[in-house]
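K.L.:
Okay, handing you the structure first.
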Amino acid sequence: MVGLIVAIPGAAGAATAAPAAPRSTAPTTAAAPDIPVANVKAHLGQLQSIATANGGNRAHGRPGYRASLDYIKGKLDAAGFTTTVQQFTTSGTTGYNLIADWPGGDPNQILMTGAHLDSVSAGPGVNDNGSGSAAVLENALAVARAAAKPAKHLRFGWWGAEELGMRGSQYYVSKLTATERAKFSGYLNFDMVGSPNPGYFVYDDDRTIEGVFKDYYASVNIPTEIETEGDGRSDHAPFKNAGIAVGGLFSGADYTKTAAQAQKWGGTAGQPFDRCYHRSCDTSSNINDTALDRNSDAIAHAVWTLGVGSTTPPGGGTVFENTDDVQIPDAGAAVTSSVTVSGRTGNAPPALQVGVDIKHTYRGDLAIDLVGPSGRAYRLKNSSGSDSAANVITTYTVDASAETANGTWQLRVQDLGPQDTGYIDSWKLTF
C-alpha cells in the first residue's frame with residue numbers, strides 16, 4: 001500500500017459500472033515477494049571479501065572472478081537450480097559465464113534475467129556490477145524459496161568479461177541456434193542498481209517490459225527516466241541484436257546528476273551518480289541501500305509479472321471480478337467500477353491482490369485508487385508526466401486488513417492529462 005486517504009466512493013461526476021458477482025476460485029497472478037535488502041548486501045559483502053583476498057578485484061582472467069562465480073554457483077546449487085558453467089576465450093584468457101535454470105515452466109517461453117559478474121582490474125566492482133549480480137542472485141533464491149511453479153521457464157545468467165566489451169554475453173548468444181533464440185520471451189539486464197547518488201532509469205527497448213518496470217515504480221511513487229547513459233553498452237545489447245526483447249534498470253554511472261534529477265530523486269546535483277565508477281573506491285561502502293532495495297524489488301516484480309505468471313493463490317483464493325468496460329474521459333471526472341464481495345468472514349487480508357487491466361494510450365495521465373467498503377481509498381498509482389507507456393496491466397498488493405471483506409469495493413480511475421484516452425477493461429480482487 002502506497003498511501004491511505006479518506007474518500008467517498010461514487011463521488012459526484014464519477015461514472016460507475018455495476019457490481020460484479022463473485023467468481024469461483026480461479027488462477028491469478030502471484031504477487032512478487034519483497035526482496036530482503038539485507039540478503040542482497042550480504043552477497044555484496046562476500047564479493048567484497050573475495051576481491052580483497054584476490055588482489056583487490058574480480059576482473060576477467062583473475063582469480064577473484066572465478067571465486068565470485070563459485071560463490072554464486074554454490075548458492076544456486078543448494079537452492080535446487082540446474083547450473084552450467086560456460087567457457088569462452090577472450091584476450092588470450094579463459095572466461096566463464098554461469099547459467100542457472102529453475103525447473104518447470106514452458107520450455108518454449110524462456111524469461112532470462114542476467115547481470116555481468118566481472119569488475120574492472122582497478123577495484124572490487126561492488127556497485128559495478130556486484131550490485132546487479134547480487135540482486136539477480138537474491139531474486140533467483142526468492143524463486144526457490146517460493147517453490148515457484150512458473151508459467152514460463154526461468155533462466156538466470158552471470159556474464160564474464162563484460163568490461164572487455166560484453167564478451168561473455170556475446171559468446172552465449174552466438175551459441176544459440178535460431179530455434180533456441182525464438183524461445184526467449186525476454187531478457188532482463190541489471191548493470192549497476194545501487195549507485196551512491198542514484199537515479200532511477202528504465203530501458204526503453206521493449207514497450208511491454210518497460211511498462212512493467214514503470215508500473216512498479218509508479219506504485220511506490222518513484223519517478224523514472226529513460227536510460228541513455230549505458231544504452232547498448234551492457235549485456236542486453238547482444239540479445240537485442242539477436243532479435244530478443246530486452247529491458248532492465250540502471251542507477252547511473254559517471255554522468256552528472258542534474259538539479260532537476262536531484263529535486264525528484266534526492267542526492268547531490270552536480271556530482272556523478274557513481275563517483276567511484278571504474279575506480280578502486282567502488283567498495284561495499286559505495287552503495288545506496290535504498291536504491292539497491294527498490295531496484296531488487298522491481299526485479300522481483302518483473303520476474304513475477306513476466307515469468308511466474310498465472311498461479312493458484314495459497315489456500316485457493318476466491319476471485320471477485322468485473323469485466324464490464326468503463327470509458328475513462330480525457331482530462332475528466334473520475335470513473336469507478338464496482339465489485340461486490342460476499343460470503344467472506346471477517347476483514348480483508350493484509351495482502352489483498354488487486355488485478356488491474358486498463359487500456360490507455362498514455363498511462364502516465366492516470367491516478368488509480370482502490371476504494372474499500374468503508375469509503376477509504378488506497379492509492380495504487382499516481383499520475384506521472386514522464387510515464388509515456390501505454391496500458392496499466394498489473395497486480396497491486398494492498399494492506400486492506402482494516403476493511404470488512406464483504407461489501408462493495410470500487411476501482412476509481414481519473415485521467416488528469418489531455419489528449420489521450422482509454423477504458424477500464426477489467427479488474428479483480430483475490431481473497
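Chain labels follow the order of the C-alpha cells: the first chain is A, the next B, and so on; residue numbering restarts at 1 in every chain, and ligands are counted from 1 in their shown order.
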Would you list the contacts of Val126 (chain A) as a list in words, taking every protein, DNA or RNA residue within 7 Å and counting only C-alpha atoms, but skipping same-chain residues closer than 6 positions in sequence?
P.N.:
Leu44, Gln48, Asp282, Thr283 and Ser284 of chain A
K.L.:
Per residue of region 88-153 of chain A within 6 Å of region 304-310 of chain A, note the shortest atom pair and the distance in Å to one decimal, counting only C-alpha atoms, and order the rows by chain and increasing residue number, as JSON lines.
P.N.:
```
{"residue": "A:Leu111", "atom": "CA", "partner": "A:Gly307", "partner_atom": "CA", "distance": 6.0}
{"residue": "A:Pro150", "atom": "CA", "partner": "A:Val308", "partner_atom": "CA", "distance": 3.9}
{"residue": "A:Ala151", "atom": "CA", "partner": "A:Val308", "partner_atom": "CA", "distance": 5.2}
{"residue": "A:Lys152", "atom": "CA", "partner": "A:Gly307", "partner_atom": "CA", "distance": 5.1}
```
K.L.:
Using N, CA and C atoms, can you export the residues from the last selection as an mmCIF file, in the first residue's frame?
P.N.:
```cif
data_model
loop_
_atom_site.group_PDB
_atom_site.id
_atom_site.type_symbol
_atom_site.label_atom_id
_atom_site.label_comp_id
_atom_site.auth_asym_id
_atom_site.auth_seq_id
_atom_site.Cartn_x
_atom_site.Cartn_y
_atom_site.Cartn_z
ATOM 1 N N LEU A 111 12.127 -16.781 -19.969
ATOM 2 C CA LEU A 111 12.427 -15.440 -19.470
ATOM 3 C C LEU A 111 13.769 -15.516 -18.767
ATOM 4 N N PRO A 150 6.470 -21.649 -12.273
ATOM 5 C CA PRO A 150 6.252 -20.537 -13.201
ATOM 6 C C PRO A 150 5.560 -20.955 -14.481
ATOM 7 N N ALA A 151 4.860 -19.980 -15.076
ATOM 8 C CA ALA A 151 4.252 -20.217 -16.378
ATOM 9 C C ALA A 151 5.327 -20.345 -17.450
ATOM 10 N N LYS A 152 6.350 -19.479 -17.370
ATOM 11 C CA LYS A 152 7.458 -19.536 -18.312
ATOM 12 C C LYS A 152 8.667 -20.187 -17.653
#
```
K.L.:
DSSP on the backbone: what in region 174-405 of chain A comes out strand (DSSP E or B), as a ChimeraX atom specification?
P.N.:
/A:184-190,201-202,225-226,246-250,256,272,310-311,319-322,326-328,335-341,347,352-360,366-371,376-381,392-398,404
K.L.:
Can you pull out every residue within 8 Å of Asn139 (chain A), counting only C-alpha atoms, but drop anything in the same chain fewer than 6 positions away, and send it as number ranges by chain?
P.N.:
A: 35, 296, 299-300
K.L.:
Quote the spacing between CA of Arg363 (chain A) and CA of Asn382 (chain A) in Å to one decimal place.
P.N.:
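Separating CA of Arg363 (chain A) from CA of Asn382 (chain A) is a distance of 10.0 Å.
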K.L.:
How many Å separate CA of Lys41 (chain A) from CA of Gly132 (chain A)?
P.N.:
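One can read the CA of Lys41 (chain A) to CA of Gly132 (chain A) distance as 11.2 Å.
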K.L.:
Taking 2 positions as the minimum chain separation for residues in the same chain, which residues sit within 10 Å of Leu69 (chain A) when counting only C-alpha atoms? Answer as a PyMOL selection string.
P.N.:
chain A and resi 47+58+64-67+71-74+85+96-98+117-118+158-160
K.L.:
Can you spit out the residues from that selection as a PDB file, in the first residue's frame, using N, CA, C and O atoms?
P.N.:
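Result file part.pdb:
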```pdb
ATOM      1  N   LEU A  47      31.260 -10.683  -2.071  1.00  0.00           N
ATOM      2  CA  LEU A  47      32.018 -10.295  -3.260  1.00  0.00           C
ATOM      3  C   LEU A  47      33.156  -9.344  -2.895  1.00  0.00           C
ATOM      4  O   LEU A  47      34.252  -9.418  -3.468  1.00  0.00           O
ATOM      5  N   ARG A  58      37.870  -8.372  -9.148  1.00  0.00           N
ATOM      6  CA  ARG A  58      37.196  -9.603  -9.600  1.00  0.00           C
ATOM      7  C   ARG A  58      37.128  -9.588 -11.133  1.00  0.00           C
ATOM      8  O   ARG A  58      36.126  -9.940 -11.733  1.00  0.00           O
ATOM      9  N   GLY A  64      39.868 -13.665  -8.583  1.00  0.00           N
ATOM     10  CA  GLY A  64      38.689 -13.116  -7.925  1.00  0.00           C
ATOM     11  C   GLY A  64      37.410 -13.313  -8.705  1.00  0.00           C
ATOM     12  O   GLY A  64      36.328 -13.440  -8.126  1.00  0.00           O
ATOM     13  N   TYR A  65      37.536 -13.354 -10.044  1.00  0.00           N
ATOM     14  CA  TYR A  65      36.334 -13.577 -10.846  1.00  0.00           C
ATOM     15  C   TYR A  65      35.820 -14.999 -10.655  1.00  0.00           C
ATOM     16  O   TYR A  65      34.633 -15.214 -10.395  1.00  0.00           O
ATOM     17  N   ARG A  66      36.723 -15.963 -10.778  1.00  0.00           N
ATOM     18  CA  ARG A  66      36.272 -17.353 -10.656  1.00  0.00           C
ATOM     19  C   ARG A  66      35.756 -17.635  -9.243  1.00  0.00           C
ATOM     20  O   ARG A  66      34.770 -18.373  -9.071  1.00  0.00           O
ATOM     21  N   ALA A  67      36.357 -17.033  -8.230  1.00  0.00           N
ATOM     22  CA  ALA A  67      35.871 -17.221  -6.872  1.00  0.00           C
ATOM     23  C   ALA A  67      34.469 -16.624  -6.708  1.00  0.00           C
ATOM     24  O   ALA A  67      33.614 -17.178  -5.999  1.00  0.00           O
ATOM     25  N   TYR A  71      31.085 -18.768  -5.731  1.00  0.00           N
ATOM     26  CA  TYR A  71      30.210 -18.391  -4.616  1.00  0.00           C
ATOM     27  C   TYR A  71      28.748 -18.408  -5.068  1.00  0.00           C
ATOM     28  O   TYR A  71      27.872 -19.000  -4.405  1.00  0.00           O
ATOM     29  N   ILE A  72      28.458 -17.773  -6.197  1.00  0.00           N
ATOM     30  CA  ILE A  72      27.075 -17.712  -6.676  1.00  0.00           C
ATOM     31  C   ILE A  72      26.580 -19.089  -7.075  1.00  0.00           C
ATOM     32  O   ILE A  72      25.447 -19.481  -6.755  1.00  0.00           O
ATOM     33  N   LYS A  73      27.414 -19.857  -7.747  1.00  0.00           N
ATOM     34  CA  LYS A  73      27.023 -21.207  -8.155  1.00  0.00           C
ATOM     35  C   LYS A  73      26.673 -22.063  -6.943  1.00  0.00           C
ATOM     36  O   LYS A  73      25.681 -22.817  -6.963  1.00  0.00           O
ATOM     37  N   GLY A  74      27.439 -21.943  -5.877  1.00  0.00           N
ATOM     38  CA  GLY A  74      27.161 -22.729  -4.679  1.00  0.00           C
ATOM     39  C   GLY A  74      25.800 -22.409  -4.092  1.00  0.00           C
ATOM     40  O   GLY A  74      25.068 -23.317  -3.649  1.00  0.00           O
ATOM     41  N   VAL A  85      28.377 -23.970 -16.201  1.00  0.00           N
ATOM     42  CA  VAL A  85      29.458 -23.016 -16.386  1.00  0.00           C
ATOM     43  C   VAL A  85      29.905 -23.105 -17.844  1.00  0.00           C
ATOM     44  O   VAL A  85      30.328 -24.161 -18.316  1.00  0.00           O
ATOM     45  N   TYR A  96      34.342 -17.146 -18.125  1.00  0.00           N
ATOM     46  CA  TYR A  96      33.274 -18.041 -17.693  1.00  0.00           C
ATOM     47  C   TYR A  96      31.959 -17.283 -17.565  1.00  0.00           C
ATOM     48  O   TYR A  96      31.900 -16.181 -16.999  1.00  0.00           O
ATOM     49  N   ASN A  97      30.905 -17.909 -18.088  1.00  0.00           N
ATOM     50  CA  ASN A  97      29.530 -17.500 -17.804  1.00  0.00           C
ATOM     51  C   ASN A  97      28.897 -18.542 -16.893  1.00  0.00           C
ATOM     52  O   ASN A  97      29.218 -19.735 -16.987  1.00  0.00           O
ATOM     53  N   LEU A  98      27.989 -18.101 -16.039  1.00  0.00           N
ATOM     54  CA  LEU A  98      27.230 -19.010 -15.184  1.00  0.00           C
ATOM     55  C   LEU A  98      25.762 -18.921 -15.573  1.00  0.00           C
ATOM     56  O   LEU A  98      25.181 -17.827 -15.579  1.00  0.00           O
ATOM     57  N   LEU A 117      29.213 -10.208 -13.995  1.00  0.00           N
ATOM     58  CA  LEU A 117      29.811 -10.512 -12.705  1.00  0.00           C
ATOM     59  C   LEU A 117      31.221  -9.958 -12.567  1.00  0.00           C
ATOM     60  O   LEU A 117      31.731  -9.819 -11.448  1.00  0.00           O
ATOM     61  N   ASP A 118      31.859  -9.616 -13.656  1.00  0.00           N
ATOM     62  CA  ASP A 118      33.256  -9.166 -13.580  1.00  0.00           C
ATOM     63  C   ASP A 118      33.356  -7.703 -13.180  1.00  0.00           C
ATOM     64  O   ASP A 118      32.460  -6.896 -13.429  1.00  0.00           O
ATOM     65  N   TRP A 158      24.972 -14.978 -15.272  1.00  0.00           N
ATOM     66  CA  TRP A 158      26.011 -14.055 -14.803  1.00  0.00           C
ATOM     67  C   TRP A 158      27.139 -14.103 -15.825  1.00  0.00           C
ATOM     68  O   TRP A 158      27.697 -15.170 -16.107  1.00  0.00           O
ATOM     69  N   TRP A 159      27.462 -12.939 -16.371  1.00  0.00           N
ATOM     70  CA  TRP A 159      28.326 -12.878 -17.546  1.00  0.00           C
ATOM     71  C   TRP A 159      29.761 -12.495 -17.178  1.00  0.00           C
ATOM     72  O   TRP A 159      29.990 -11.641 -16.328  1.00  0.00           O
ATOM     73  N   GLY A 160      30.695 -13.116 -17.886  1.00  0.00           N
ATOM     74  CA  GLY A 160      32.097 -12.771 -17.763  1.00  0.00           C
ATOM     75  C   GLY A 160      32.510 -11.760 -18.815  1.00  0.00           C
ATOM     76  O   GLY A 160      31.865 -11.630 -19.870  1.00  0.00           O
TER      77      GLY A 160
END
```
K.L.:
Would you please work out which residue, of A:Ala298, A:Leu137, A:Ala148, A:Ile99, is nearest to Tyr172 (chain A) when using only C-alpha atoms?
P.N.:
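Closest to Tyr172 (chain A) of all the choices is A:Ile99.
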K.L.:
Which residues are close to region 242-252 of chain A, i.e. within 6 Å by only C-alpha atoms, leaving aside same-chain residues fewer than 4 positions away? Reply as a PyMOL selection string.
P.N.:
chain A and resi 186-190+192-193+195+198-203+206+209+273
K.L.:
Store the residues of this selection in a file with N, CA and C atoms, as a JSON list (two decimals), in the first residue's frame.
P.N.:
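Final file, again08.json:
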```
[["chain", "number", "residue", "atom", "x", "y", "z"],
["A", 186, "GLY", "N", 11.98, -12.87, -23.37],
["A", 186, "GLY", "CA", 12.62, -11.63, -22.98],
["A", 186, "GLY", "C", 13.90, -11.88, -22.20],
["A", 187, "TYR", "N", 14.77, -10.86, -22.20],
["A", 187, "TYR", "CA", 15.97, -10.87, -21.38],
["A", 187, "TYR", "C", 16.00, -9.56, -20.58],
["A", 188, "LEU", "N", 16.17, -9.69, -19.26],
["A", 188, "LEU", "CA", 16.21, -8.55, -18.35],
["A", 188, "LEU", "C", 17.63, -8.37, -17.83],
["A", 189, "ASN", "N", 18.17, -7.16, -17.97],
["A", 189, "ASN", "CA", 19.57, -6.90, -17.64],
["A", 189, "ASN", "C", 19.69, -5.88, -16.51],
["A", 190, "PHE", "N", 20.63, -6.14, -15.58],
["A", 190, "PHE", "CA", 20.80, -5.26, -14.43],
["A", 190, "PHE", "C", 22.28, -4.99, -14.21],
["A", 192, "MET", "N", 24.56, -2.18, -12.48],
["A", 192, "MET", "CA", 24.65, -1.05, -11.54],
["A", 192, "MET", "C", 23.25, -0.63, -11.07],
["A", 193, "VAL", "N", 22.83, -1.17, -9.93],
["A", 193, "VAL", "CA", 21.50, -0.86, -9.39],
["A", 193, "VAL", "C", 21.58, -0.33, -7.96],
["A", 195, "SER", "N", 23.83, 2.59, -7.14],
["A", 195, "SER", "CA", 24.73, 3.75, -7.21],
["A", 195, "SER", "C", 24.54, 4.68, -6.02],
["A", 198, "PRO", "N", 21.96, 7.95, -6.56],
["A", 198, "PRO", "CA", 21.27, 7.19, -7.61],
["A", 198, "PRO", "C", 20.23, 7.97, -8.40],
["A", 199, "GLY", "N", 20.05, 7.50, -9.63],
["A", 199, "GLY", "CA", 18.89, 7.83, -10.44],
["A", 199, "GLY", "C", 18.11, 6.55, -10.66],
["A", 200, "TYR", "N", 16.92, 6.69, -11.23],
["A", 200, "TYR", "CA", 16.08, 5.52, -11.49],
["A", 200, "TYR", "C", 15.75, 5.51, -12.98],
["A", 201, "PHE", "N", 16.55, 4.74, -13.71],
["A", 201, "PHE", "CA", 16.50, 4.71, -15.17],
["A", 201, "PHE", "C", 15.97, 3.36, -15.65],
["A", 202, "VAL", "N", 15.08, 3.41, -16.63],
["A", 202, "VAL", "CA", 14.44, 2.22, -17.18],
["A", 202, "VAL", "C", 14.77, 2.11, -18.66],
["A", 203, "TYR", "N", 15.20, 0.92, -19.10],
["A", 203, "TYR", "CA", 15.45, 0.70, -20.52],
["A", 203, "TYR", "C", 14.14, 0.86, -21.29],
["A", 206, "ASP", "N", 11.95, -2.32, -25.15],
["A", 206, "ASP", "CA", 10.73, -3.08, -25.41],
["A", 206, "ASP", "C", 9.62, -2.46, -24.58],
["A", 209, "ILE", "N", 8.08, -4.67, -21.55],
["A", 209, "ILE", "CA", 8.97, -4.79, -20.40],
["A", 209, "ILE", "C", 9.16, -3.44, -19.72],
["A", 273, "PHE", "N", 26.52, 10.12, -10.65],
["A", 273, "PHE", "CA", 25.67, 9.13, -9.99],
["A", 273, "PHE", "C", 26.54, 8.15, -9.19]]
```
K.L.:
Run DSSP on the backbone of this structure and report the residues of region 126-170 of chain A it assigns to alpha helix (DSSP H), as a PyMOL selection string.
P.N.:
chain A and resi 132-145+167-170
K.L.:
Please produce a file of those selected residues containing N, CA and C atoms, as a compact mmCIF listing (two decimals), in the first residue's frame.
P.N.:
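As written to disk, again-v7.txt reads:
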```txt
# COMPACT_ATOMS: atom_id res chain seq x y z
N GLY A 132 24.20 -5.52 -9.39
CA GLY A 132 23.30 -6.25 -10.27
C GLY A 132 23.39 -7.75 -10.07
N SER A 133 24.62 -8.25 -9.90
CA SER A 133 24.82 -9.69 -9.72
C SER A 133 24.16 -10.18 -8.43
N ALA A 134 24.30 -9.41 -7.35
CA ALA A 134 23.73 -9.81 -6.07
C ALA A 134 22.21 -9.72 -6.09
N ALA A 135 21.68 -8.68 -6.73
CA ALA A 135 20.22 -8.54 -6.81
C ALA A 135 19.61 -9.67 -7.64
N VAL A 136 20.25 -10.04 -8.73
CA VAL A 136 19.74 -11.15 -9.54
C VAL A 136 19.84 -12.46 -8.76
N LEU A 137 20.95 -12.66 -8.04
CA LEU A 137 21.09 -13.87 -7.23
C LEU A 137 19.99 -13.97 -6.20
N GLU A 138 19.72 -12.89 -5.47
CA GLU A 138 18.71 -12.96 -4.42
C GLU A 138 17.32 -13.15 -5.01
N ASN A 139 17.07 -12.62 -6.21
CA ASN A 139 15.80 -12.88 -6.86
C ASN A 139 15.67 -14.34 -7.27
N ALA A 140 16.76 -14.93 -7.74
CA ALA A 140 16.72 -16.36 -8.06
C ALA A 140 16.44 -17.18 -6.80
N LEU A 141 17.08 -16.82 -5.70
CA LEU A 141 16.85 -17.55 -4.45
C LEU A 141 15.42 -17.34 -3.95
N ALA A 142 14.83 -16.17 -4.23
CA ALA A 142 13.43 -15.94 -3.86
C ALA A 142 12.50 -16.85 -4.65
N VAL A 143 12.84 -17.11 -5.91
CA VAL A 143 12.07 -18.07 -6.71
C VAL A 143 12.10 -19.43 -6.03
N ALA A 144 13.27 -19.83 -5.57
CA ALA A 144 13.40 -21.13 -4.90
C ALA A 144 12.64 -21.15 -3.58
N ARG A 145 12.74 -20.07 -2.79
CA ARG A 145 12.04 -20.03 -1.51
C ARG A 145 10.53 -20.13 -1.70
N ARG A 167 31.94 -9.60 -23.77
CA ARG A 167 32.41 -10.82 -24.44
C ARG A 167 31.64 -12.06 -24.01
N GLY A 168 31.32 -12.17 -22.73
CA GLY A 168 30.63 -13.36 -22.24
C GLY A 168 29.22 -13.48 -22.79
N SER A 169 28.45 -12.41 -22.72
CA SER A 169 27.08 -12.45 -23.24
C SER A 169 27.07 -12.61 -24.76
N GLN A 170 28.02 -11.98 -25.43
CA GLN A 170 28.11 -12.16 -26.88
C GLN A 170 28.34 -13.63 -27.22
```
K.L.:
Identify which of the residues A:Ser174, A:Asn127, A:Gln353, A:Asn391 lies closest to Cys276 (chain A), counting only C-alpha atoms when measuring atom-to-atom distances.
P.N.:
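Residue with the minimum atom-to-atom distance to Cys276 (chain A): A:Asn127.
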K.L.:
Go through A:Ala122, A:Ala182, A:Ala405, A:Ala218 one by one, measure the shortest atom-to-atom distance of each to Ile110 (chain A) using only C-alpha atoms, and give the residue with the smallest value.
P.N.:
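That would be A:Ala182, the residue with the smallest distance to Ile110 (chain A).
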K.L.:
For each of A:Ala400, A:Thr340, A:Pro36, A:Asp128, take the minimum atom-to-atom distance to Arg275 (chain A), counting only C-alpha atoms, then give the residue where this is smallest.
P.N.:
A:Asp128
K.L.:
Give the answer as one residue: which of A:Gly407, A:Gly56, A:Gly80, A:Gly157 has the shortest atom-to-atom distance to Met112 (chain A), using only C-alpha atoms?
P.N.:
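With only C-alpha atoms as the atom set, the closest residue is A:Gly157.
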